[in-house]
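Visitor: Input structure: data.txt, which contains compact mmCIF, C-alpha atoms.
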```txt
# COMPACT_ATOMS: atom_id res chain seq x y z
CA MET A 162 -50.74 87.15 -19.65
CA ILE A 163 -49.95 90.16 -21.78
CA ASN A 164 -52.87 90.87 -24.07
CA GLU A 165 -53.69 94.57 -24.15
CA ILE A 166 -50.62 96.78 -24.47
CA LEU A 167 -50.83 100.54 -24.13
CA VAL A 168 -48.09 102.64 -25.70
CA PRO A 169 -48.19 106.34 -24.89
CA PHE A 170 -46.62 108.23 -27.77
CA ASP A 171 -45.45 111.83 -27.99
CA GLY A 172 -43.60 111.81 -31.29
CA SER A 173 -40.15 112.03 -29.75
CA GLU A 174 -37.30 109.79 -30.79
CA ASN A 175 -37.44 108.00 -27.48
CA SER A 176 -41.10 107.21 -27.74
CA GLU A 177 -40.50 105.79 -31.22
CA LYS A 178 -38.13 103.39 -29.58
CA GLY A 179 -40.88 102.38 -27.18
CA LEU A 180 -43.23 101.82 -30.09
CA ARG A 181 -40.80 99.56 -31.94
CA TYR A 182 -40.17 97.60 -28.78
CA ALA A 183 -43.91 97.14 -28.30
CA CYS A 184 -44.28 95.88 -31.87
CA TRP A 185 -41.57 93.36 -31.35
CA LEU A 186 -43.04 92.18 -28.05
CA ALA A 187 -46.62 92.07 -29.28
CA SER A 188 -45.67 89.95 -32.26
CA LYS A 189 -44.46 87.21 -29.94
CA VAL A 190 -47.04 87.32 -27.19
CA LYS A 191 -49.89 87.98 -29.64
CA GLY A 192 -51.08 91.10 -27.90
CA THR A 193 -52.95 94.05 -29.31
CA ILE A 194 -51.41 97.51 -29.13
CA THR A 195 -53.17 100.78 -28.43
CA VAL A 196 -51.15 103.89 -29.22
CA LEU A 197 -52.21 106.92 -27.22
CA TYR A 198 -51.39 110.56 -27.84
CA VAL A 199 -52.44 113.09 -25.24
CA VAL A 200 -53.02 116.63 -26.44
CA GLN A 201 -51.95 118.86 -23.60
CA ILE A 202 -54.22 121.85 -23.41
CA PRO A 203 -53.14 124.77 -21.25
CA VAL A 204 -55.34 125.01 -18.20
CA ASP A 205 -58.44 126.99 -19.02
CA GLY A 206 -57.14 127.51 -22.52
CA GLU A 207 -60.58 127.26 -24.01
CA SER A 208 -62.23 129.80 -21.74
CA ILE A 209 -59.72 132.53 -22.52
CA GLY A 210 -60.12 131.89 -26.20
CA LEU A 211 -57.00 129.92 -27.05
CA PRO A 212 -57.52 128.01 -30.25
CA ILE A 213 -57.45 124.30 -29.47
CA LYS A 214 -57.83 123.01 -32.98
CA PRO A 215 -54.19 123.49 -34.09
CA LEU A 216 -53.09 121.47 -31.06
CA VAL A 217 -55.44 118.64 -31.94
CA ASP A 218 -54.35 118.74 -35.57
CA ALA A 219 -50.71 118.55 -34.52
CA GLY A 220 -51.60 115.57 -32.35
CA GLN A 221 -53.24 113.88 -35.28
CA MET A 222 -50.09 114.39 -37.33
CA ILE A 223 -48.01 112.80 -34.61
CA LEU A 224 -50.38 109.85 -34.52
CA ASN A 225 -49.98 109.51 -38.28
CA LYS A 226 -46.26 109.27 -37.72
CA ALA A 227 -46.94 106.42 -35.31
CA LYS A 228 -49.12 104.76 -37.95
CA ASP A 229 -46.24 104.90 -40.44
CA ILE A 230 -43.90 103.29 -37.95
CA MET A 231 -46.38 100.52 -37.22
CA GLU A 232 -46.82 99.84 -40.92
CA ASN A 233 -43.07 99.69 -41.38
CA GLU A 234 -42.80 97.19 -38.57
CA LYS A 235 -45.68 95.23 -40.09
CA CYS A 236 -47.61 95.46 -36.89
CA THR A 237 -51.30 95.18 -37.62
CA ASN A 238 -54.03 94.97 -35.02
CA THR A 239 -53.30 98.38 -33.61
CA LYS A 240 -55.64 101.07 -32.35
CA PHE A 241 -54.78 104.77 -32.34
CA VAL A 242 -56.36 107.05 -29.78
CA LEU A 243 -56.13 110.80 -29.32
CA ARG A 244 -57.14 112.33 -26.04
CA GLU A 245 -57.32 115.91 -24.83
CA ALA A 246 -56.34 116.83 -21.31
CA SER A 247 -55.17 119.78 -19.36
CA GLY A 248 -52.30 119.42 -16.93
CA ASN A 249 -49.87 116.51 -16.80
CA ALA A 250 -50.31 114.03 -19.62
CA GLY A 251 -49.37 111.25 -17.20
CA HIS A 252 -52.67 111.44 -15.37
CA GLU A 253 -54.61 111.15 -18.61
CA ILE A 254 -52.53 108.11 -19.56
CA ILE A 255 -53.39 106.48 -16.26
CA LYS A 256 -57.06 107.33 -16.61
CA PHE A 257 -57.07 105.80 -20.04
CA SER A 258 -55.21 102.68 -18.94
CA LYS A 259 -57.88 102.10 -16.29
CA GLU A 260 -60.65 102.53 -18.82
CA MET A 261 -59.17 100.09 -21.31
CA ASN A 262 -58.03 97.72 -18.58
CA CYS A 263 -54.67 97.08 -20.18
CA SER A 264 -52.20 94.55 -18.87
CA LEU A 265 -49.00 96.36 -19.78
CA ILE A 266 -47.85 99.89 -20.49
CA ILE A 267 -44.69 100.25 -22.56
CA MET A 268 -43.04 103.63 -22.52
CA SER A 269 -39.61 105.16 -22.85
CA ALA A 270 -37.86 106.60 -19.84
CA LYS A 271 -37.84 110.04 -21.41
CA GLY A 272 -40.08 111.79 -23.90
CA HIS A 273 -39.97 115.31 -25.19
CA SER A 274 -40.07 117.31 -22.08
CA ALA A 275 -37.52 115.60 -19.89
CA LEU A 276 -34.45 117.59 -18.98
CA LYS A 277 -31.15 115.93 -19.67
CA HIS A 278 -30.23 115.42 -16.06
CA LEU A 279 -33.48 113.75 -15.13
CA LEU A 280 -33.39 110.00 -15.29
CA LEU A 281 -37.10 109.52 -15.74
CA GLY A 282 -39.18 112.22 -17.36
CA SER A 283 -42.09 113.71 -15.51
CA VAL A 284 -44.70 111.85 -17.52
CA SER A 285 -43.07 108.46 -17.20
CA GLU A 286 -42.52 109.09 -13.52
CA THR A 287 -46.20 109.82 -12.95
CA VAL A 288 -47.17 106.74 -14.90
CA THR A 289 -44.77 104.41 -13.06
CA LYS A 290 -46.07 105.67 -9.75
CA TYR A 291 -49.79 105.46 -10.32
CA ALA A 292 -50.34 102.95 -13.09
CA PRO A 293 -52.83 100.17 -12.30
CA CYS A 294 -50.92 97.61 -14.36
CA SER A 295 -47.35 96.55 -15.07
CA ILE A 296 -45.01 98.90 -16.86
CA LEU A 297 -42.08 98.25 -19.14
CA ILE A 298 -39.62 101.12 -19.27
CA VAL A 299 -37.53 101.12 -22.42
CA LYS A 300 -34.16 102.80 -22.37
CA MET B 34 -33.69 90.33 -27.67
CA PHE B 35 -34.58 88.82 -24.32
CA LYS B 36 -31.60 86.52 -24.07
CA LYS B 37 -30.99 87.15 -20.41
CA ILE B 38 -33.70 88.02 -17.94
CA LEU B 39 -32.86 89.07 -14.40
CA ILE B 40 -35.45 88.51 -11.69
CA PRO B 41 -34.56 90.12 -8.36
CA ILE B 42 -36.61 88.43 -5.63
CA ASP B 43 -37.10 89.06 -1.93
CA GLY B 44 -39.71 86.46 -1.08
CA SER B 45 -42.59 88.92 -1.09
CA GLU B 46 -45.88 88.44 -2.89
CA GLN B 47 -44.90 91.08 -5.42
CA SER B 48 -41.72 89.26 -6.33
CA HIS B 49 -43.77 86.08 -6.83
CA ARG B 50 -45.93 87.89 -9.32
CA ALA B 51 -42.85 89.20 -11.06
CA LEU B 52 -41.51 85.66 -11.24
CA THR B 53 -44.68 84.33 -12.85
CA PHE B 54 -44.72 87.20 -15.30
CA ALA B 55 -41.06 86.73 -16.18
CA LEU B 56 -41.41 82.98 -16.67
CA ASP B 57 -44.21 83.58 -19.12
CA LEU B 58 -41.84 85.72 -21.17
CA ALA B 59 -38.85 83.43 -20.68
CA LYS B 60 -40.82 80.50 -22.09
CA LYS B 61 -41.87 82.44 -25.17
CA TYR B 62 -38.45 83.82 -25.90
CA SER B 63 -36.48 80.84 -24.59
CA SER B 64 -34.30 83.12 -22.54
CA LYS B 65 -31.87 82.43 -19.75
CA VAL B 66 -33.13 83.40 -16.31
CA THR B 67 -31.03 84.71 -13.43
CA LEU B 68 -32.57 84.70 -9.98
CA LEU B 69 -31.07 87.22 -7.62
CA THR B 70 -31.52 87.91 -3.95
CA VAL B 71 -29.66 90.65 -2.19
CA ALA B 72 -28.95 90.17 1.49
CA GLN B 73 -28.69 93.43 3.33
CA PRO B 74 -26.20 93.10 6.16
CA HIS B 75 -26.95 94.87 9.42
CA PHE B 76 -25.79 98.41 9.49
CA GLN B 77 -22.69 98.76 11.64
CA ASP B 78 -21.47 102.11 12.75
CA PRO B 79 -17.73 102.00 13.47
CA LEU B 80 -18.07 104.71 16.11
CA PHE B 81 -21.03 103.24 17.92
CA PRO B 82 -20.81 99.48 17.96
CA PRO B 83 -24.13 97.82 18.73
CA ILE B 84 -24.80 97.05 22.37
CA PHE B 85 -26.50 93.77 21.65
CA THR B 86 -24.49 91.80 19.19
CA SER B 87 -25.85 88.76 17.60
CA ASN B 88 -24.25 86.54 15.07
CA ASP B 89 -27.25 86.35 12.86
CA ASP B 90 -25.62 87.19 9.57
CA ASN B 91 -25.63 83.47 9.02
CA SER B 92 -29.36 83.26 9.57
CA ILE B 93 -29.88 86.09 7.07
CA ASN B 94 -27.90 84.06 4.61
CA ASP B 95 -30.02 81.00 5.32
CA VAL B 96 -33.26 82.88 4.76
CA HIS B 97 -32.06 84.16 1.42
CA GLN B 98 -30.84 80.76 0.36
CA LYS B 99 -34.27 79.44 1.16
CA ILE B 100 -36.01 82.15 -0.86
CA LEU B 101 -33.72 81.39 -3.78
CA SER B 102 -34.24 77.65 -3.72
CA GLN B 103 -38.01 78.03 -3.35
CA ALA B 104 -38.13 80.24 -6.43
CA TYR B 105 -35.81 77.86 -8.25
CA ASN B 106 -38.05 74.91 -7.50
CA ARG B 107 -41.07 76.84 -8.64
CA ILE B 108 -39.47 77.55 -11.97
CA LYS B 109 -38.52 73.92 -12.41
CA GLU B 110 -42.08 72.88 -11.58
CA ILE B 111 -43.55 75.17 -14.21
CA ASP B 112 -41.03 74.42 -16.90
CA SER B 113 -37.96 72.28 -16.39
CA GLU B 114 -36.35 73.37 -19.66
CA ILE B 115 -35.75 76.98 -18.66
CA GLU B 116 -32.10 77.65 -17.97
CA VAL B 117 -31.84 79.14 -14.49
CA SER B 118 -28.91 80.40 -12.48
CA LYS B 119 -29.02 81.52 -8.87
CA LYS B 120 -27.19 84.41 -7.31
CA LEU B 121 -26.92 85.63 -3.76
CA VAL B 122 -25.00 88.79 -3.03
CA ALA B 123 -24.70 91.13 -0.09
CA GLY B 124 -25.18 94.85 -0.22
CA ARG B 125 -27.79 97.50 -0.91
CA PRO B 126 -30.50 95.89 -3.04
CA ALA B 127 -30.95 98.58 -5.71
CA ASP B 128 -27.22 99.14 -6.15
CA LYS B 129 -26.43 95.46 -6.43
CA ILE B 130 -29.25 94.83 -8.91
CA ILE B 131 -27.97 97.63 -11.13
CA GLU B 132 -24.40 96.43 -10.80
CA ILE B 133 -25.29 92.90 -11.88
CA THR B 134 -27.44 94.18 -14.73
CA LYS B 135 -24.39 95.96 -16.10
CA LYS B 136 -21.90 93.21 -15.40
CA ASP B 137 -23.93 90.32 -16.82
CA LYS B 138 -25.25 92.33 -19.79
CA ILE B 139 -28.87 91.63 -18.87
CA ASP B 140 -31.52 92.34 -21.52
CA LEU B 141 -34.51 92.74 -19.26
CA VAL B 142 -35.11 93.16 -15.55
CA VAL B 143 -38.48 91.95 -14.27
CA ILE B 144 -39.09 93.33 -10.81
CA GLY B 145 -42.07 93.46 -8.50
CA SER B 146 -43.33 96.84 -7.41
CA ARG B 147 -45.46 97.54 -4.40
CA GLY B 148 -46.59 100.79 -5.89
CA LEU B 149 -47.05 102.67 -2.65
CA GLY B 150 -47.35 106.00 -4.39
CA GLY B 151 -47.40 109.48 -2.97
CA ILE B 152 -45.97 110.35 0.40
CA LYS B 153 -45.36 106.77 1.52
CA GLU B 154 -43.18 106.12 -1.48
CA PHE B 155 -41.36 109.40 -1.00
CA LEU B 156 -40.54 108.46 2.58
CA LEU B 157 -39.80 104.80 2.15
CA GLY B 158 -38.16 104.91 -1.24
CA SER B 159 -38.51 102.18 -3.75
CA VAL B 160 -36.00 99.65 -5.00
CA SER B 161 -37.90 99.18 -8.23
CA ASP B 162 -37.90 102.91 -8.93
CA ARG B 163 -34.18 103.14 -8.42
CA VAL B 164 -33.61 100.19 -10.71
CA ALA B 165 -35.87 101.71 -13.36
CA ASP B 166 -33.91 104.95 -13.08
CA HIS B 167 -30.41 103.59 -13.29
CA ALA B 168 -30.49 100.27 -15.10
CA PRO B 169 -29.04 100.37 -18.62
CA CYS B 170 -31.63 97.93 -19.98
CA PRO B 171 -35.44 97.88 -20.14
CA VAL B 172 -37.14 97.32 -16.81
CA LEU B 173 -40.52 95.67 -16.39
CA MET B 174 -42.21 96.67 -13.17
CA VAL B 175 -44.90 94.20 -12.18
CA LYS B 176 -47.66 95.79 -10.14
CA LYS B 177 -50.21 94.14 -7.95
CA CYS B 178 -53.27 94.31 -10.17
CA ILE B 179 -52.23 91.90 -12.87
CA ASN B 180 -54.54 88.99 -13.36
CA ILE B 181 -52.51 85.82 -13.32
CA SER B 182 -54.30 83.42 -15.59
```
Translate this structure into structure tokens?
Guide:
Amino acid sequence: MINEILVPFDGSENSEKGLRYACWLASKVKGTITVLYVVQIPVDGESIGLPIKPLVDAGQMILNKAKDIMENEKCTNTKFVLREASGNAGHEIIKFSKEMNCSLIIMSAKGHSALKHLLLGSVSETVTKYAPCSILIVK
Amino acid sequence: MFKKILIPIDGSEQSHRALTFALDLAKKYSSKVTLLTVAQPHFQDPLFPPIFTSNDDNSINDVHQKILSQAYNRIKEIDSEIEVSKKLVAGRPADKIIEITKKDKIDLVVIGSRGLGGIKEFLLGSVSDRVADHAPCPVLMVKKCINIS
């Protein structure tokens, strides 16, 4: 029932937790994991001459961090994807989940940007609302 | 890690999906399953007692018992070795689910989500959202588009 698992990753401690949880789950249900990092580009950043490359490079570094974690957890069979999007990363995550037709999204309740008093961060809130598939929220 | 799975059900199609999804996990991890229905008693305002009173709290109870036993039988049909316990409580659904999650030290809540989205969800509210917000453990929200194989 669970075969394709999508794990949005932003490099925060919380999202590492989500990644480890996904590894553990995938090992039992024999699913494949796709780790997604969304590079958030300021709206119209390119047209006003903001350099995008450093952002993409930073994203690649964060994905490398995810790769290290996956190797530590001995979780093979994993894909790593980097996407660029302007605006809320949540919408890009949803777009991607529709494209790959995943059966489960695993994400932490909070990532980087969430304020302390918020229970769900803005990205995870967007994803829980509009995701086409089931979602596991890790605390 | 999934020693105890809580499945709140209300008899809807979504909660059936959640049940199927949860059983799939429960079988793989040989976890204990708790079925929970929350009966919401009629709102009674102490200042303005209802004009038409009916003693149908009993019938509410009956309906929920029926939902519970149906789900229970379904589990036993699929796999008779899964350890299942039934629970029926009265109160506000989201609050009670969270309370029981804390009290019983649940490892995972599998809950159906209608996924109304947008304005509808803002107006109607969502039990699954509240549970995802406040539960101390991971929450799996099962949406409508899963393909049950």
Visitor: Find the spatial neighbours of stretch 253-269 of chain A, counting only C-alpha atoms, within a cut-off of 8 Å - ignore same-chain residues fewer than 2 positions away - and output them as a ChimeraX atom specification.
Guide: /A:162-170,175-176,178-180,183,197,199,244,246,249-251,271-272,285,288,291-300 /B:179
Visitor: In Å to one decimal, how far is atom CA of B:Ile131 from atom CA of B:Val164?
Guide: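 Going from atom CA of B:Val164 over to atom CA of B:Ile131 covers 6.2 Å.
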Visitor: Pick out the closest residue to B:Val117 from this set: B:Ile130, B:Ala51, B:Leu69, B:Leu80. Count all atoms listed in the file.
Guide: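 Going through B:Ile130, B:Ala51, B:Leu69, B:Leu80 one by one, the smallest distance to B:Val117 is for B:Leu69.
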Visitor: Step by step, gather every atom of stretch 263-269 of chain A that the file lists, find the box along x, y and z that holds them, add 6 Å on each side, and finally give centre and edge lengths in Å to one decimal, as AutoDock Vina command-line options.
Guide:
```
--center_x -47.1 --center_y 99.9 --center_z -20.9 --size_x 27.1 --size_y 22.6 --size_z 16.0
```
Visitor: Which residue is closest to A:Ile202? Choose from A:Thr289, A:Gln221, A:Ser283, A:Ser247 and count only C-alpha atoms.
Guide: A:Ser247
Visitor: Using all atoms listed in the file for the distances, tell me which of B:Gly145, B:Ser92, B:Ile139, B:Lys65 is nearest to B:Gly44.
Guide: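 Ranked by minimum distance to B:Gly44, first place goes to B:Gly145.
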Visitor: Take stretch 41-65 of chain B, model N, CA, C and O atoms, and hand the result over as a PDB file, keeping the file's coordinate frame.
Guide:
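Wrote part-v4.pdb, looks like this:
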```
ATOM      1  N   PRO B  41     -34.930  89.913  -9.762  1.00  0.00           N
ATOM      2  CA  PRO B  41     -34.560  90.120  -8.360  1.00  0.00           C
ATOM      3  C   PRO B  41     -35.754  89.713  -7.483  1.00  0.00           C
ATOM      4  O   PRO B  41     -36.878  90.131  -7.751  1.00  0.00           O
ATOM      5  N   ILE B  42     -35.503  88.862  -6.484  1.00  0.00           N
ATOM      6  CA  ILE B  42     -36.610  88.430  -5.630  1.00  0.00           C
ATOM      7  C   ILE B  42     -36.268  88.670  -4.158  1.00  0.00           C
ATOM      8  O   ILE B  42     -35.101  88.676  -3.766  1.00  0.00           O
ATOM      9  N   ASP B  43     -37.317  88.892  -3.367  1.00  0.00           N
ATOM     10  CA  ASP B  43     -37.100  89.060  -1.930  1.00  0.00           C
ATOM     11  C   ASP B  43     -38.087  88.232  -1.122  1.00  0.00           C
ATOM     12  O   ASP B  43     -38.226  88.420   0.079  1.00  0.00           O
ATOM     13  N   GLY B  44     -38.788  87.335  -1.791  1.00  0.00           N
ATOM     14  CA  GLY B  44     -39.710  86.460  -1.080  1.00  0.00           C
ATOM     15  C   GLY B  44     -41.086  87.058  -0.853  1.00  0.00           C
ATOM     16  O   GLY B  44     -41.965  86.403  -0.310  1.00  0.00           O
ATOM     17  N   SER B  45     -41.289  88.288  -1.287  1.00  0.00           N
ATOM     18  CA  SER B  45     -42.590  88.920  -1.090  1.00  0.00           C
ATOM     19  C   SER B  45     -43.572  88.474  -2.167  1.00  0.00           C
ATOM     20  O   SER B  45     -43.200  87.859  -3.154  1.00  0.00           O
ATOM     21  N   GLU B  46     -44.838  88.826  -1.930  1.00  0.00           N
ATOM     22  CA  GLU B  46     -45.880  88.440  -2.890  1.00  0.00           C
ATOM     23  C   GLU B  46     -45.620  89.094  -4.242  1.00  0.00           C
ATOM     24  O   GLU B  46     -45.813  88.489  -5.286  1.00  0.00           O
ATOM     25  N   GLN B  47     -45.172  90.348  -4.174  1.00  0.00           N
ATOM     26  CA  GLN B  47     -44.900  91.080  -5.420  1.00  0.00           C
ATOM     27  C   GLN B  47     -43.836  90.388  -6.243  1.00  0.00           C
ATOM     28  O   GLN B  47     -43.917  90.326  -7.459  1.00  0.00           O
ATOM     29  N   SER B  48     -42.798  89.879  -5.559  1.00  0.00           N
ATOM     30  CA  SER B  48     -41.720  89.260  -6.330  1.00  0.00           C
ATOM     31  C   SER B  48     -42.178  87.916  -6.901  1.00  0.00           C
ATOM     32  O   SER B  48     -41.670  87.458  -7.912  1.00  0.00           O
ATOM     33  N   HIS B  49     -43.183  87.298  -6.259  1.00  0.00           N
ATOM     34  CA  HIS B  49     -43.770  86.080  -6.830  1.00  0.00           C
ATOM     35  C   HIS B  49     -44.486  86.376  -8.126  1.00  0.00           C
ATOM     36  O   HIS B  49     -44.397  85.634  -9.091  1.00  0.00           O
ATOM     37  N   ARG B  50     -45.229  87.475  -8.102  1.00  0.00           N
ATOM     38  CA  ARG B  50     -45.930  87.890  -9.320  1.00  0.00           C
ATOM     39  C   ARG B  50     -44.942  88.173 -10.437  1.00  0.00           C
ATOM     40  O   ARG B  50     -45.151  87.784 -11.576  1.00  0.00           O
ATOM     41  N   ALA B  51     -43.875  88.875 -10.065  1.00  0.00           N
ATOM     42  CA  ALA B  51     -42.850  89.200 -11.060  1.00  0.00           C
ATOM     43  C   ALA B  51     -42.269  87.925 -11.649  1.00  0.00           C
ATOM     44  O   ALA B  51     -42.037  87.828 -12.853  1.00  0.00           O
ATOM     45  N   LEU B  52     -42.077  86.938 -10.792  1.00  0.00           N
ATOM     46  CA  LEU B  52     -41.510  85.660 -11.240  1.00  0.00           C
ATOM     47  C   LEU B  52     -42.425  84.991 -12.250  1.00  0.00           C
ATOM     48  O   LEU B  52     -41.980  84.520 -13.299  1.00  0.00           O
ATOM     49  N   THR B  53     -43.716  84.954 -11.942  1.00  0.00           N
ATOM     50  CA  THR B  53     -44.680  84.330 -12.850  1.00  0.00           C
ATOM     51  C   THR B  53     -44.699  85.058 -14.189  1.00  0.00           C
ATOM     52  O   THR B  53     -44.708  84.436 -15.253  1.00  0.00           O
ATOM     53  N   PHE B  54     -44.702  86.371 -14.093  1.00  0.00           N
ATOM     54  CA  PHE B  54     -44.720  87.200 -15.300  1.00  0.00           C
ATOM     55  C   PHE B  54     -43.468  86.941 -16.145  1.00  0.00           C
ATOM     56  O   PHE B  54     -43.545  86.752 -17.356  1.00  0.00           O
ATOM     57  N   ALA B  55     -42.331  86.902 -15.474  1.00  0.00           N
ATOM     58  CA  ALA B  55     -41.060  86.730 -16.180  1.00  0.00           C
ATOM     59  C   ALA B  55     -40.966  85.350 -16.825  1.00  0.00           C
ATOM     60  O   ALA B  55     -40.453  85.206 -17.933  1.00  0.00           O
ATOM     61  N   LEU B  56     -41.483  84.335 -16.131  1.00  0.00           N
ATOM     62  CA  LEU B  56     -41.410  82.980 -16.670  1.00  0.00           C
ATOM     63  C   LEU B  56     -42.220  82.864 -17.953  1.00  0.00           C
ATOM     64  O   LEU B  56     -41.826  82.177 -18.894  1.00  0.00           O
ATOM     65  N   ASP B  57     -43.358  83.557 -17.939  1.00  0.00           N
ATOM     66  CA  ASP B  57     -44.210  83.580 -19.120  1.00  0.00           C
ATOM     67  C   ASP B  57     -43.419  84.088 -20.323  1.00  0.00           C
ATOM     68  O   ASP B  57     -43.467  83.516 -21.413  1.00  0.00           O
ATOM     69  N   LEU B  58     -42.657  85.153 -20.094  1.00  0.00           N
ATOM     70  CA  LEU B  58     -41.840  85.720 -21.170  1.00  0.00           C
ATOM     71  C   LEU B  58     -40.676  84.788 -21.513  1.00  0.00           C
ATOM     72  O   LEU B  58     -40.378  84.555 -22.679  1.00  0.00           O
ATOM     73  N   ALA B  59     -40.041  84.263 -20.473  1.00  0.00           N
ATOM     74  CA  ALA B  59     -38.850  83.430 -20.680  1.00  0.00           C
ATOM     75  C   ALA B  59     -39.192  82.197 -21.524  1.00  0.00           C
ATOM     76  O   ALA B  59     -38.397  81.759 -22.353  1.00  0.00           O
ATOM     77  N   LYS B  60     -40.398  81.661 -21.308  1.00  0.00           N
ATOM     78  CA  LYS B  60     -40.820  80.500 -22.090  1.00  0.00           C
ATOM     79  C   LYS B  60     -40.977  80.867 -23.546  1.00  0.00           C
ATOM     80  O   LYS B  60     -40.544  80.142 -24.425  1.00  0.00           O
ATOM     81  N   LYS B  61     -41.598  82.040 -23.789  1.00  0.00           N
ATOM     82  CA  LYS B  61     -41.870  82.440 -25.170  1.00  0.00           C
ATOM     83  C   LYS B  61     -40.595  82.799 -25.921  1.00  0.00           C
ATOM     84  O   LYS B  61     -40.486  82.585 -27.109  1.00  0.00           O
ATOM     85  N   TYR B  62     -39.651  83.370 -25.224  1.00  0.00           N
ATOM     86  CA  TYR B  62     -38.450  83.820 -25.900  1.00  0.00           C
ATOM     87  C   TYR B  62     -37.259  82.904 -25.652  1.00  0.00           C
ATOM     88  O   TYR B  62     -36.149  83.224 -26.016  1.00  0.00           O
ATOM     89  N   SER B  63     -37.517  81.793 -25.001  1.00  0.00           N
ATOM     90  CA  SER B  63     -36.480  80.840 -24.590  1.00  0.00           C
ATOM     91  C   SER B  63     -35.223  81.557 -24.086  1.00  0.00           C
ATOM     92  O   SER B  63     -34.128  81.381 -24.613  1.00  0.00           O
ATOM     93  N   SER B  64     -35.423  82.365 -23.073  1.00  0.00           N
ATOM     94  CA  SER B  64     -34.300  83.120 -22.540  1.00  0.00           C
ATOM     95  C   SER B  64     -33.726  82.467 -21.280  1.00  0.00           C
ATOM     96  O   SER B  64     -34.375  81.652 -20.643  1.00  0.00           O
ATOM     97  N   LYS B  65     -32.506  82.875 -20.984  1.00  0.00           N
ATOM     98  CA  LYS B  65     -31.870  82.430 -19.750  1.00  0.00           C
ATOM     99  C   LYS B  65     -32.368  83.291 -18.600  1.00  0.00           C
ATOM    100  O   LYS B  65     -32.493  84.503 -18.748  1.00  0.00           O
TER     101      LYS B  65
END
```
